[in-house]
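K.L.:
mmCIF, C-alpha atoms, saved as my_file18.cif, coming up:
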```
data_start
loop_
_atom_site.label_atom_id
_atom_site.label_comp_id
_atom_site.auth_asym_id
_atom_site.auth_seq_id
_atom_site.Cartn_x
_atom_site.Cartn_y
_atom_site.Cartn_z
CA MET A 279 27.90 -27.25 -8.13
CA ASN A 280 24.93 -26.10 -6.04
CA LEU A 281 23.94 -22.46 -5.93
CA VAL A 282 22.77 -21.57 -2.43
CA ILE A 283 21.03 -18.26 -1.67
CA ASN A 284 20.54 -17.52 2.02
CA ARG A 285 17.34 -16.01 3.35
CA ALA A 286 18.74 -12.50 3.75
CA ASN A 287 20.07 -12.36 0.17
CA PHE A 288 16.84 -13.80 -1.23
CA ASN A 289 14.79 -11.18 0.64
CA GLN A 290 17.13 -8.43 -0.55
CA LEU A 291 16.75 -9.47 -4.18
CA LEU A 292 12.97 -9.76 -3.85
CA PHE A 293 12.75 -6.39 -2.08
CA ILE A 294 14.72 -4.70 -4.88
CA ILE A 295 12.47 -6.28 -7.51
CA CYS A 296 9.33 -5.16 -5.67
CA VAL A 297 10.67 -1.60 -5.35
CA ILE A 298 11.58 -1.36 -9.04
CA VAL A 299 8.54 -3.08 -10.62
CA PRO A 300 5.99 -0.27 -9.83
CA PHE A 301 8.34 2.16 -11.59
CA PHE A 302 7.40 0.53 -14.92
CA ASN A 303 3.94 2.05 -14.33
CA ILE A 304 2.07 -1.11 -15.36
CA TYR A 305 -0.14 -1.53 -12.33
CA GLU A 306 -1.48 -4.98 -13.22
CA PHE A 307 2.07 -6.31 -13.47
CA SER A 308 3.24 -4.75 -10.20
CA PHE A 309 0.09 -5.91 -8.36
CA VAL A 310 0.57 -9.53 -9.50
CA THR A 311 4.29 -9.36 -8.63
CA TRP A 312 3.58 -8.08 -5.11
CA VAL A 313 0.84 -10.64 -4.46
CA PHE A 314 3.10 -13.46 -5.69
CA ALA A 315 5.92 -12.19 -3.43
CA ILE A 316 3.51 -12.08 -0.47
CA PHE A 317 2.66 -15.76 -0.90
CA LEU A 318 6.37 -16.59 -1.22
CA THR A 319 7.13 -14.93 2.13
CA LEU A 320 4.02 -15.61 4.25
CA ARG A 321 4.50 -15.54 8.03
CA LYS A 322 2.69 -17.14 10.91
CA ASN A 323 3.04 -14.19 13.28
CA TYR A 324 2.69 -10.43 12.99
CA SER A 325 3.14 -7.77 15.65
CA LEU A 326 0.01 -6.34 17.25
CA GLU A 327 1.05 -2.80 16.29
CA PHE A 328 1.39 -3.81 12.63
CA VAL A 329 -1.97 -5.59 12.66
CA LYS A 330 -3.65 -2.50 14.15
CA TYR A 331 -2.18 -0.23 11.48
CA THR A 332 -2.95 -2.54 8.54
CA SER A 333 -6.48 -3.15 9.83
CA ILE A 334 -7.30 0.51 9.07
CA PHE A 335 -6.92 -0.21 5.35
CA VAL A 336 -8.65 -3.59 5.67
CA ILE A 337 -11.70 -1.89 7.25
CA LEU A 338 -11.79 0.69 4.43
CA PHE A 339 -11.58 -2.11 1.86
CA LEU A 340 -14.45 -4.04 3.44
CA LEU A 341 -16.54 -0.88 3.88
CA ALA A 342 -16.15 -0.05 0.17
CA ILE A 343 -17.30 -3.58 -0.73
CA VAL A 344 -20.37 -3.37 1.54
CA VAL A 345 -21.38 0.09 0.25
CA GLY A 346 -20.82 -1.01 -3.35
CA ARG A 347 -23.39 -3.78 -2.92
CA PHE A 348 -26.11 -1.11 -2.92
CA PHE A 349 -25.13 0.06 -6.41
CA GLU A 350 -24.88 -1.60 -9.79
CA TYR A 351 -21.45 -1.22 -11.39
CA LYS A 352 -19.70 -3.06 -14.18
CA THR A 353 -17.61 -6.01 -12.98
CA TYR A 354 -14.49 -4.55 -14.60
CA PHE A 355 -14.62 -1.39 -12.49
CA ILE A 356 -15.30 -3.36 -9.31
CA ILE A 357 -12.31 -5.65 -9.90
CA ARG A 358 -10.11 -2.67 -10.74
CA ASP A 359 -11.13 -0.90 -7.53
CA ILE A 360 -10.42 -4.05 -5.53
CA THR A 361 -6.82 -4.06 -6.78
CA TYR A 362 -6.49 -0.31 -6.16
CA LEU A 363 -7.80 -0.46 -2.58
CA LEU A 364 -5.61 -3.48 -1.82
CA LYS A 365 -2.47 -1.51 -2.74
CA PRO A 366 -1.48 -0.27 0.76
CA ILE A 367 -2.40 -3.63 2.33
CA THR A 368 -0.20 -5.60 -0.08
CA GLY A 369 2.66 -3.11 0.31
CA LEU A 370 2.59 -3.18 4.11
CA LEU A 371 2.34 -6.98 4.23
CA LEU A 372 5.14 -7.47 1.74
CA GLY A 373 7.46 -5.01 3.47
CA TYR A 374 6.83 -6.66 6.84
CA GLN A 375 7.38 -10.16 5.49
CA LEU A 376 10.60 -9.28 3.67
CA PHE A 377 12.22 -8.38 6.97
CA SER A 378 14.31 -11.20 8.40
CA LYS A 379 16.25 -11.48 11.63
CA HIS A 380 19.10 -12.80 9.46
CA ILE A 381 19.56 -9.38 7.84
CA LYS A 382 22.77 -7.99 9.36
CA ASN A 383 21.91 -4.32 8.92
CA PRO A 384 18.27 -3.55 8.03
CA PHE A 385 18.97 0.07 7.09
CA GLN A 386 21.65 -1.09 4.65
CA PHE A 387 19.01 -3.43 3.23
CA ILE A 388 16.80 -0.39 2.52
CA VAL A 389 19.68 1.61 1.07
CA TYR A 390 20.60 -1.05 -1.50
CA ALA A 391 17.00 -1.14 -2.72
CA GLY A 392 16.90 2.65 -3.03
CA LEU A 393 20.26 2.69 -4.77
CA SER A 394 19.03 0.16 -7.33
CA ILE A 395 16.02 2.23 -8.34
CA ALA A 396 18.18 5.40 -8.39
CA CYS A 397 20.65 3.84 -10.85
CA TYR A 398 17.79 2.73 -13.08
CA HIS A 399 16.23 6.20 -12.91
CA LEU A 400 19.51 7.91 -13.82
CA PHE A 401 19.81 5.61 -16.83
CA LEU A 402 16.34 6.76 -17.94
CA VAL A 403 17.32 10.42 -17.40
CA PHE A 404 20.49 9.92 -19.47
CA TYR A 405 18.54 8.14 -22.21
CA GLY A 406 15.85 10.81 -22.22
CA ILE A 407 18.28 13.73 -22.50
CA VAL A 408 21.00 12.23 -24.74
CA VAL A 409 19.04 9.85 -26.97
CA GLU A 410 15.50 11.30 -27.00
CA GLY A 411 16.60 14.93 -26.77
CA ALA A 412 14.54 15.94 -23.72
CA LYS A 413 15.19 19.65 -23.13
CA ASN A 414 12.84 20.79 -20.40
CA VAL A 415 11.33 19.67 -17.09
CA ARG A 416 8.19 18.21 -18.65
CA GLU A 417 10.09 16.12 -21.22
CA ILE A 418 12.62 14.80 -18.70
CA ARG A 419 9.82 13.70 -16.36
CA GLU A 420 7.90 12.08 -19.21
CA HIS A 421 10.90 9.91 -20.02
CA ALA A 422 12.25 9.20 -16.54
CA GLY A 423 9.35 9.36 -14.06
CA TYR A 424 7.48 11.93 -12.02
CA PHE A 425 8.40 11.14 -8.40
CA ASN A 426 9.85 8.48 -6.11
CA ASP A 427 9.32 8.72 -2.37
CA PHE A 428 11.44 5.64 -1.66
CA GLU A 429 14.59 7.26 -3.03
CA VAL A 430 14.12 10.28 -0.77
CA TYR A 431 13.76 8.01 2.27
CA THR A 432 16.99 6.28 1.24
CA LEU A 433 18.82 9.57 0.71
CA VAL A 434 17.82 10.83 4.16
CA ILE A 435 18.83 7.52 5.77
CA LEU A 436 22.29 7.89 4.17
CA ILE A 437 22.62 11.49 5.37
CA PHE A 438 22.01 10.22 8.91
CA SER A 439 24.26 7.18 8.41
CA LYS A 440 26.11 7.61 11.71
CA GLN A 441 22.90 8.15 13.67
CA LEU A 442 21.42 4.99 12.11
CA ASN A 443 24.62 2.93 12.35
CA LEU A 444 24.72 2.11 8.64
CA GLY A 445 28.30 0.91 8.80
CA PHE A 446 29.34 2.13 5.34
CA SER A 447 32.77 3.66 4.80
CA THR A 448 32.89 7.45 4.40
CA ASN A 449 33.69 7.23 0.67
CA LYS A 450 30.91 4.74 0.00
CA THR A 451 28.42 6.88 1.94
CA ARG A 452 29.39 9.97 -0.06
CA LEU A 453 29.11 8.10 -3.37
CA PHE A 454 25.69 6.70 -2.49
CA ILE A 455 24.47 10.14 -1.34
CA LEU A 456 25.65 11.67 -4.62
CA ILE A 457 23.85 9.05 -6.73
CA LEU A 458 20.60 9.36 -4.78
CA ALA A 459 20.74 13.16 -4.56
CA VAL A 460 21.21 13.56 -8.32
CA SER A 461 18.51 10.98 -9.07
CA SER A 462 16.04 12.55 -6.60
CA PHE A 463 16.70 16.00 -8.06
CA PHE A 464 15.91 14.86 -11.60
CA TYR A 465 12.38 13.88 -10.63
CA LEU A 466 11.86 17.63 -10.19
CA ALA A 467 8.91 16.78 -7.96
CA ARG A 468 7.74 19.43 -5.52
CA THR A 469 6.44 16.82 -3.10
CA ASN A 470 9.81 15.05 -2.99
CA PHE A 471 11.59 18.29 -2.07
CA ILE A 472 9.07 18.83 0.74
CA GLN A 473 9.41 15.18 1.79
CA PHE A 474 13.18 15.63 2.07
CA ILE A 475 12.81 18.65 4.37
CA VAL A 476 10.18 16.88 6.50
CA LEU A 477 12.24 13.69 6.97
CA VAL A 478 15.43 15.60 7.76
CA ALA A 479 13.55 17.65 10.35
CA ALA A 480 12.04 14.42 11.74
CA LEU A 481 15.38 12.64 12.19
CA LYS A 482 16.77 15.77 13.80
CA GLY A 483 13.98 15.38 16.35
CA PHE A 484 12.37 18.69 15.38
CA LEU A 485 8.92 17.17 14.81
CA VAL A 486 8.69 15.95 18.40
CA LEU A 487 7.09 18.99 19.95
CA ASN A 488 9.05 21.07 22.46
CA VAL A 489 10.21 24.70 22.64
CA LYS A 490 13.30 24.11 20.51
CA SER A 491 11.43 22.18 17.82
CA LEU A 492 8.70 24.83 17.62
CA LYS A 493 11.36 27.49 16.98
CA VAL A 494 12.95 25.36 14.25
CA VAL A 495 9.61 24.57 12.58
CA LEU A 496 8.65 28.26 12.72
CA GLY A 497 11.99 29.11 11.11
CA ILE A 498 11.38 26.57 8.33
CA VAL A 499 7.89 27.99 7.72
CA ILE A 500 9.22 31.57 7.51
CA ALA A 501 12.04 30.51 5.17
CA THR A 502 9.54 28.64 2.98
CA LEU A 503 7.24 31.65 2.78
CA MET A 504 10.15 33.92 1.88
CA ALA A 505 11.32 31.50 -0.83
CA TYR A 506 7.80 31.26 -2.22
CA SER A 507 7.47 35.05 -2.22
CA ALA A 508 10.72 35.33 -4.20
CA ILE A 509 9.47 32.81 -6.76
CA TYR A 510 6.07 34.52 -6.97
CA TYR A 511 7.60 37.94 -7.69
CA TYR A 512 10.09 36.42 -10.11
CA ASN A 513 6.96 35.32 -11.99
CA PRO A 514 8.26 32.24 -13.87
CA ARG A 515 6.56 31.38 -17.16
CA ARG A 516 4.32 28.36 -17.69
CA ASN A 517 6.39 26.93 -20.57
CA GLY A 518 9.64 28.69 -19.77
CA LYS A 519 13.11 27.33 -20.43
CA GLY A 520 15.29 25.51 -17.91
CA MET A 521 13.95 25.70 -14.36
CA ASP A 522 11.23 28.23 -15.18
CA GLU A 523 8.66 25.50 -15.77
CA PHE A 524 9.46 23.89 -12.41
CA LEU A 525 9.31 27.23 -10.60
CA TYR A 526 5.97 27.94 -12.25
CA LYS A 527 4.62 24.70 -10.75
CA ILE A 528 5.78 25.90 -7.33
CA LYS A 529 4.14 29.27 -7.88
CA ILE A 530 0.70 27.74 -8.51
CA ILE A 531 0.80 25.36 -5.50
CA PRO A 532 -1.74 27.36 -3.41
CA THR A 533 -4.33 27.37 -6.20
CA GLU A 534 -3.61 24.02 -7.88
CA ALA A 535 -4.98 21.86 -5.07
CA PHE A 536 -7.17 24.33 -3.15
CA SER A 537 -9.14 26.29 -5.75
CA THR A 538 -12.89 26.25 -5.21
CA ARG A 539 -13.91 27.93 -8.48
CA ILE A 540 -12.54 26.75 -11.81
CA ASP A 541 -13.61 27.68 -15.32
CA ARG A 542 -13.48 24.34 -17.16
CA PHE A 543 -13.79 26.19 -20.47
CA ASP A 544 -10.65 28.24 -19.78
CA TRP A 545 -7.82 25.86 -20.77
CA LYS A 546 -5.11 27.58 -18.68
CA ASP A 547 -7.24 27.85 -15.52
CA PHE A 548 -8.54 24.29 -15.91
CA ASN A 549 -5.13 22.76 -16.58
CA ASP A 550 -3.39 24.58 -13.72
CA ASN A 551 -6.09 23.67 -11.23
CA TYR A 552 -7.24 20.28 -12.53
CA ARG A 553 -6.64 18.48 -9.22
CA SER A 554 -8.96 20.91 -7.49
CA TYR A 555 -11.54 20.29 -10.20
CA GLU A 556 -11.47 16.56 -9.38
CA ASN A 557 -12.12 17.38 -5.73
CA ILE A 558 -14.97 19.77 -6.54
CA ARG A 559 -16.69 17.27 -8.82
CA THR A 560 -16.37 14.49 -6.22
CA VAL A 561 -18.06 16.53 -3.49
CA GLN A 562 -20.71 17.84 -5.90
CA GLN A 563 -21.55 14.31 -7.08
CA LEU A 564 -21.77 12.84 -3.57
CA ASN A 565 -23.89 15.74 -2.38
CA TYR A 566 -26.23 15.55 -5.37
CA ASN A 567 -26.71 11.79 -4.87
CA ASP A 568 -27.05 12.10 -1.06
CA ASN A 569 -24.12 9.69 -0.62
CA LEU A 570 -21.72 11.92 1.30
CA PHE A 571 -21.74 9.89 4.52
CA PHE A 572 -21.21 6.37 3.13
CA GLY A 573 -19.82 7.16 -0.32
CA GLU A 574 -20.62 5.17 -3.44
CA GLY A 575 -18.56 2.04 -2.85
CA MET A 576 -16.33 -0.28 -4.84
CA GLY A 577 -16.64 0.36 -8.58
CA SER A 578 -17.80 3.99 -8.28
CA GLN A 579 -16.53 6.73 -10.55
CA VAL A 580 -16.53 10.53 -10.65
CA ASP A 581 -18.17 12.18 -13.65
CA LEU A 582 -15.89 14.99 -14.86
CA LYS A 583 -18.64 16.38 -17.12
CA GLN A 584 -16.32 16.31 -20.15
CA LYS A 585 -13.81 14.00 -21.80
CA LEU A 586 -10.18 14.72 -20.90
CA MET A 587 -6.88 13.31 -22.03
CA LEU A 588 -5.67 11.50 -18.90
CA GLY A 589 -2.54 9.45 -19.42
CA ASP A 590 -2.85 7.95 -22.89
CA MET A 591 -6.65 7.99 -23.28
CA PHE A 592 -9.70 10.25 -23.22
CA LEU A 593 -11.84 9.73 -20.11
CA ARG A 594 -14.96 11.34 -18.70
CA HIS A 595 -15.37 9.05 -15.67
CA ILE A 596 -12.49 8.22 -13.31
CA SER A 597 -12.28 5.69 -10.47
CA ILE A 598 -9.20 7.06 -8.70
CA LEU A 599 -8.41 10.72 -8.13
CA HIS A 600 -5.10 12.46 -7.48
CA ASN A 601 -6.32 13.25 -3.96
CA GLY A 602 -6.20 10.28 -1.57
CA TYR A 603 -8.72 11.84 0.81
CA MET A 604 -11.22 12.38 -2.01
CA THR A 605 -10.69 8.86 -3.34
CA VAL A 606 -11.53 7.42 0.08
CA LEU A 607 -14.47 9.85 0.35
CA LEU A 608 -15.82 8.63 -3.01
CA LYS A 609 -15.59 4.95 -2.04
CA THR A 610 -16.50 5.08 1.66
CA GLY A 611 -17.85 8.57 2.42
CA LEU A 612 -17.19 10.67 5.50
CA LEU A 613 -17.32 7.53 7.63
CA GLY A 614 -14.42 5.99 5.74
CA LEU A 615 -12.51 9.26 5.57
CA SER A 616 -12.60 9.61 9.36
CA ILE A 617 -11.20 6.07 9.64
CA TYR A 618 -8.57 6.81 7.00
CA LEU A 619 -7.24 9.78 8.98
CA LEU A 620 -6.26 7.30 11.70
CA SER A 621 -3.61 5.91 9.32
CA ILE A 622 -1.87 9.29 9.54
CA PHE A 623 -2.36 10.10 13.23
CA PHE A 624 -1.24 6.56 14.10
CA PHE A 625 2.36 7.71 13.62
CA PHE A 626 2.07 10.61 16.08
CA ARG A 627 1.67 8.50 19.19
CA LYS A 628 4.16 9.22 21.96
CA GLU A 629 6.79 6.54 22.43
CA ARG A 630 9.60 6.42 24.96
CA SER A 631 12.60 4.18 24.48
CA SER A 632 16.26 4.28 25.43
CA ASN A 633 17.11 2.21 22.35
CA PRO A 634 18.55 4.61 19.71
CA ILE A 635 17.29 2.55 16.75
CA LEU A 636 13.75 2.47 18.13
CA LYS A 637 13.93 6.23 18.69
CA ASN A 638 15.05 6.78 15.09
CA ILE A 639 12.34 4.51 13.69
CA HIS A 640 9.84 6.56 15.69
CA TYR A 641 11.29 9.76 14.19
CA ILE A 642 10.93 8.29 10.68
CA PHE A 643 7.33 7.33 11.43
CA VAL A 644 6.55 10.83 12.70
CA GLY A 645 8.07 12.30 9.53
CA THR A 646 6.05 9.83 7.48
CA GLY A 647 2.85 10.92 9.21
CA VAL A 648 3.55 14.59 8.49
CA PHE A 649 4.43 13.85 4.87
CA LEU A 650 1.33 11.69 4.37
CA ILE A 651 -0.85 14.72 5.18
CA LEU A 652 0.53 16.37 2.04
CA SER A 653 1.08 13.21 -0.01
CA ASN A 654 -2.57 12.21 0.34
CA TRP A 655 -3.73 15.62 -0.81
CA VAL A 656 -1.66 15.79 -4.00
CA PHE A 657 -0.76 12.23 -4.98
CA LEU A 658 -2.98 9.57 -3.35
CA GLY A 659 -0.64 8.72 -0.45
CA LEU A 660 -0.27 4.95 0.00
CA TYR A 661 -2.96 4.33 -2.63
CA ASN A 662 -0.81 5.67 -5.47
CA GLN A 663 -0.26 2.97 -8.08
CA ILE A 664 3.51 3.43 -8.17
CA ASP A 665 3.94 4.06 -4.43
CA THR A 666 6.59 1.97 -2.67
CA LYS A 667 6.88 3.67 0.71
CA SER A 668 4.33 1.17 2.05
CA LEU A 669 7.07 -1.46 1.62
CA LEU A 670 9.42 0.61 3.77
CA ILE A 671 6.76 1.26 6.43
CA GLY A 672 5.93 -2.45 6.71
CA PHE A 673 9.63 -3.31 6.85
CA LEU A 674 10.23 -0.82 9.68
CA PHE A 675 7.27 -2.22 11.65
CA ALA A 676 8.91 -5.66 11.46
CA TYR A 677 12.36 -4.28 12.36
CA LYS A 678 10.88 -2.47 15.34
CA ASN A 679 9.13 -5.64 16.50
CA GLU A 680 12.36 -7.64 16.25
CA ILE A 681 14.18 -5.11 18.45
CA LEU A 682 11.37 -5.12 21.01
CA LYS A 683 11.63 -8.89 21.31
CA THR A 684 15.21 -8.64 22.54
CA PRO A 685 15.57 -8.21 26.33
CA GLU A 686 18.04 -5.29 26.17
CA SER A 687 15.63 -3.07 24.20
#
```
Give the structure from the file, written as structure tokens.
P.N.:
Amino acid sequence: MNLVINRANFNQLLFIICVIVPFFNIYEFSFVTWVFAIFLTLRKNYSLEFVKYTSIFVILFLLAIVVGRFFEYKTYFIIRDITYLLKPITGLLLGYQLFSKHIKNPFQFIVYAGLSIACYHLFLVFYGIVVEGAKNVREIREHAGYFNDFEVYTLVILIFSKQLNLGFSTNKTRLFILILAVSSFFYLARTNFIQFIVLVAALKGFLVLNVKSLKVVLGIVIATLMAYSAIYYYNPRRNGKGMDEFLYKIKIIPTEAFSTRIDRFDWKDFNDNYRSYENIRTVQQLNYNDNLFFGEGMGSQVDLKQKLMLGDMFLRHISILHNGYMTVLLKTGLLGLSIYLLSIFFFFRKERSSNPILKNIHYIFVGTGVFLILSNWVFLGLYNQIDTKSLLIGFLFAYKNEILKTPES
């Protein structure tokens, strides 16, 4: 008996694997898996739009290599940076190549991948709470993961199932929404909550500027400010019980990433505003070394001036920061940063189409552009080691290209 797997099913299985693997948080393993999958699915042709977008990251990669040639760094750090800066390129390529015209419903394809990672995440949440005894936000996140942008994309796609012609039954749609909503909630990630609001607004068409959308966006901003004010005056405690710890993280958002003065000898101030400290040290170092315009290239590191427990080890020098903009600034300077911004504004181009799927893909891209502004500031954007939204972006580029090739589009 011969087991035959058609192209669509093979791509679905490979896509699910590539979405789940980064969640193990072993970057070397996920990088090798993605590269292997790329070679398994290589194509002869790519759309011009996709090539233009991916070339932004290719240029940054090459610029970092050229600049790095003027410095002497250890081979280990150079190789590590090469894998880090290849992350968005590999993700975009893999996502594009895993699209196939044989896939009956591409949005269903995405949903099944998101559902797979959600089920795995809920298992980790259950294990963390029931078996390991996790009792607060910090402990749950330590056991089950800190964020997952892909799940939020999937949840929003399901919410707009009719608009996107998913073709699921009502009961199945509700079940999938429940699974993804509960899983997304248990990440207790501020950025994921913001991402959800942004993508919903995008698919409603509110991010395409007109009088109506401006009113809606203004309403969202006012509601957000009122909610933040309520949290601020509630004054949640740093290590409070239940949701207090999560609300405390919301309260310190304005200072956490934007502080310009931090006392590194004050544990509370330093810990609450550590991401800002990374940014300050990066700019100080580049300024002091007169490398602000071109950066310090592949293999460069930021000196934090003291050893800190980061992850599972003490480090004084770091190659990758939380802030995507600052990471690009370190490697390629202001020149590279200006190029990098194109990867965000690329999604804001005006597009007119009578095809409803193309219109919705454009809405998702606009929402992605808006979210990347924030995502890059707090969590590295597409350069994050466990990021998988680059797979979805590449996949949607390929889906869009397939539609444009048909005469009726």
K.L.:
Distance atom CA of Gly392 of chain A-atom CA of Glu429 of chain A, one decimal place?
P.N.:
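Atom-to-atom, atom CA of Gly392 of chain A and atom CA of Glu429 of chain A are spaced 5.2 Å apart.
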K.L.:
Can you measure atom CA of Leu612 of chain A to atom CA of Thr368 of chain A for me? One decimal in Å is fine.
P.N.:
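Computing it gives 24.2 Å between the two atoms.
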K.L.:
Calculated over only C-alpha atoms, which of the candidates A:Gly573, A:Gly614, A:Gly483, A:Gly602 has the smallest distance to Tyr641 of chain A?
P.N.:
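Closest to Tyr641 of chain A of all the choices is A:Gly483.
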K.L.:
Need to verify the contact set: segment 473-475 of chain A, 12 Å, only C-alpha atoms, exclusion of same-chain residues closer than 2 positions in sequence. Can you return it as number ranges by chain?
P.N.:
A: 425-435, 437, 458-459, 462-463, 467-471, 477-482, 484-485, 494-495, 498-499, 501-502, 642, 645-653, 667
K.L.:
I'd like to see the residues matched by the PyMOL selection byres ((chain A and resi 439) around 12) on this file, and ideally I'd get them as a list in words.
P.N.:
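So the PyMOL selection byres ((chain A and resi 439) around 12), applied here, picks out Asn383, Phe385, Gln386, Val389, Thr432, Leu433, Val434, Ile435, Leu436, Ile437, Phe438, Lys440, Gln441, Leu442, Asn443, Leu444, Gly445, Phe446, Ser447, Thr448, Lys450, Thr451, Arg452, Phe454, Ile455, Leu481, Ile635 and Asn638 of chain A.
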K.L.:
Considering all atoms listed in the file, give me a table of residues in segment 597-675 of chain A that are at most 12 Å from segment 324-327 of chain A, with the closest atom pair and distance in Å for each, as JSON lines.
P.N.:
```
{"residue": "A:Phe624", "atom": "CA", "partner": "A:Glu327", "partner_atom": "CA", "distance": 9.9}
{"residue": "A:Phe625", "atom": "CA", "partner": "A:Glu327", "partner_atom": "CA", "distance": 10.9}
{"residue": "A:Arg627", "atom": "CA", "partner": "A:Glu327", "partner_atom": "CA", "distance": 11.7}
{"residue": "A:Gly672", "atom": "CA", "partner": "A:Tyr324", "partner_atom": "CA", "distance": 10.7}
{"residue": "A:Phe673", "atom": "CA", "partner": "A:Tyr324", "partner_atom": "CA", "distance": 11.7}
{"residue": "A:Leu674", "atom": "CA", "partner": "A:Glu327", "partner_atom": "CA", "distance": 11.5}
{"residue": "A:Phe675", "atom": "CA", "partner": "A:Glu327", "partner_atom": "CA", "distance": 7.8}
```
K.L.:
Find the residues around Arg285 of chain A up to 9 Å (all atoms listed in the file counted), leave out those fewer than 5 positions away in its own chain, and share them as a PyMOL selection string.
P.N.:
chain A and resi 290+378+380-381
K.L.:
Calculated over all atoms listed in the file, which of the candidates A:Tyr677, A:Tyr405, A:Phe309, A:Tyr661 has the smallest distance to Phe335 of chain A?
P.N.:
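Nearest candidate to Phe335 of chain A out of A:Tyr677, A:Tyr405, A:Phe309, A:Tyr661: A:Tyr661.
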K.L.:
In Å, with one decimal, what is the gap from atom CA of Ala422 of chain A to atom CA of Tyr465 of chain A?
P.N.:
7.5 Å
K.L.:
Go through A:Ile295, A:Trp655, A:Phe571, A:Arg416 and flag the residue nearest Trp312 of chain A, using all atoms listed in the file for the distances.
P.N.:
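Of A:Ile295, A:Trp655, A:Phe571, A:Arg416, the one nearest Trp312 of chain A, counting all atoms listed in the file, is A:Ile295.
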K.L.:
Extending 5 Å beyond the listed atoms of segment 470-482 of chain A on each side, what axis-aligned box results? I want centre and edge lengths in Å to one decimal, as lines of an AutoDock Vina configuration file.
P.N.:
```
center_x = 12.9
center_y = 15.7
center_z = 5.4
size_x = 17.7
size_y = 16.2
size_z = 26.8
```
K.L.:
Neighbours of Met576 of chain A within 8 Å (only C-alpha atoms; same-chain residues fewer than 4 positions away dropped), as a tab-separated table (two decimals) with C-alpha atoms, in the coordinates of the input?
P.N.:
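Result file selection.tsv:
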```tsv
chain	number	residue	atom	x	y	z
A	342	ALA	CA	-16.15	-0.05	0.17
A	343	ILE	CA	-17.30	-3.58	-0.73
A	345	VAL	CA	-21.38	0.09	0.25
A	346	GLY	CA	-20.82	-1.01	-3.35
A	355	PHE	CA	-14.62	-1.39	-12.49
A	356	ILE	CA	-15.30	-3.36	-9.31
A	359	ASP	CA	-11.13	-0.90	-7.53
A	360	ILE	CA	-10.42	-4.05	-5.53
A	609	LYS	CA	-15.59	4.95	-2.04
```
K.L.:
How would you write as a PyMOL selection string the residues that get within 12 Å of (-2.4, -3.7, 7.1) in the file's frame, counting all atoms listed in the file?
P.N.:
chain A and resi 324-339+363-375+621+660+668-669+671-672+675
K.L.:
The selected residues should be written to file as a PDB file, in the coordinates of the input (atoms: C-alpha atoms).
P.N.:
```
ATOM      1  CA  TYR A 324       2.690 -10.430  12.990  1.00  0.00           C
ATOM      2  CA  SER A 325       3.140  -7.770  15.650  1.00  0.00           C
ATOM      3  CA  LEU A 326       0.010  -6.340  17.250  1.00  0.00           C
ATOM      4  CA  GLU A 327       1.050  -2.800  16.290  1.00  0.00           C
ATOM      5  CA  PHE A 328       1.390  -3.810  12.630  1.00  0.00           C
ATOM      6  CA  VAL A 329      -1.970  -5.590  12.660  1.00  0.00           C
ATOM      7  CA  LYS A 330      -3.650  -2.500  14.150  1.00  0.00           C
ATOM      8  CA  TYR A 331      -2.180  -0.230  11.480  1.00  0.00           C
ATOM      9  CA  THR A 332      -2.950  -2.540   8.540  1.00  0.00           C
ATOM     10  CA  SER A 333      -6.480  -3.150   9.830  1.00  0.00           C
ATOM     11  CA  ILE A 334      -7.300   0.510   9.070  1.00  0.00           C
ATOM     12  CA  PHE A 335      -6.920  -0.210   5.350  1.00  0.00           C
ATOM     13  CA  VAL A 336      -8.650  -3.590   5.670  1.00  0.00           C
ATOM     14  CA  ILE A 337     -11.700  -1.890   7.250  1.00  0.00           C
ATOM     15  CA  LEU A 338     -11.790   0.690   4.430  1.00  0.00           C
ATOM     16  CA  PHE A 339     -11.580  -2.110   1.860  1.00  0.00           C
ATOM     17  CA  LEU A 363      -7.800  -0.460  -2.580  1.00  0.00           C
ATOM     18  CA  LEU A 364      -5.610  -3.480  -1.820  1.00  0.00           C
ATOM     19  CA  LYS A 365      -2.470  -1.510  -2.740  1.00  0.00           C
ATOM     20  CA  PRO A 366      -1.480  -0.270   0.760  1.00  0.00           C
ATOM     21  CA  ILE A 367      -2.400  -3.630   2.330  1.00  0.00           C
ATOM     22  CA  THR A 368      -0.200  -5.600  -0.080  1.00  0.00           C
ATOM     23  CA  GLY A 369       2.660  -3.110   0.310  1.00  0.00           C
ATOM     24  CA  LEU A 370       2.590  -3.180   4.110  1.00  0.00           C
ATOM     25  CA  LEU A 371       2.340  -6.980   4.230  1.00  0.00           C
ATOM     26  CA  LEU A 372       5.140  -7.470   1.740  1.00  0.00           C
ATOM     27  CA  GLY A 373       7.460  -5.010   3.470  1.00  0.00           C
ATOM     28  CA  TYR A 374       6.830  -6.660   6.840  1.00  0.00           C
ATOM     29  CA  GLN A 375       7.380 -10.160   5.490  1.00  0.00           C
ATOM     30  CA  SER A 621      -3.610   5.910   9.320  1.00  0.00           C
ATOM     31  CA  LEU A 660      -0.270   4.950   0.000  1.00  0.00           C
ATOM     32  CA  SER A 668       4.330   1.170   2.050  1.00  0.00           C
ATOM     33  CA  LEU A 669       7.070  -1.460   1.620  1.00  0.00           C
ATOM     34  CA  ILE A 671       6.760   1.260   6.430  1.00  0.00           C
ATOM     35  CA  GLY A 672       5.930  -2.450   6.710  1.00  0.00           C
ATOM     36  CA  PHE A 675       7.270  -2.220  11.650  1.00  0.00           C
TER      37      PHE A 675
END
```
K.L.:
If we count all atoms listed in the file, what is near Thr605 of chain A at a cut-off of 10 Å, once residues fewer than 5 positions away on the same chain are taken out, given as a PyMOL selection string?
P.N.:
chain A and resi 363+556-557+560+573+578-580+597-600+610-611+615+654+658+661
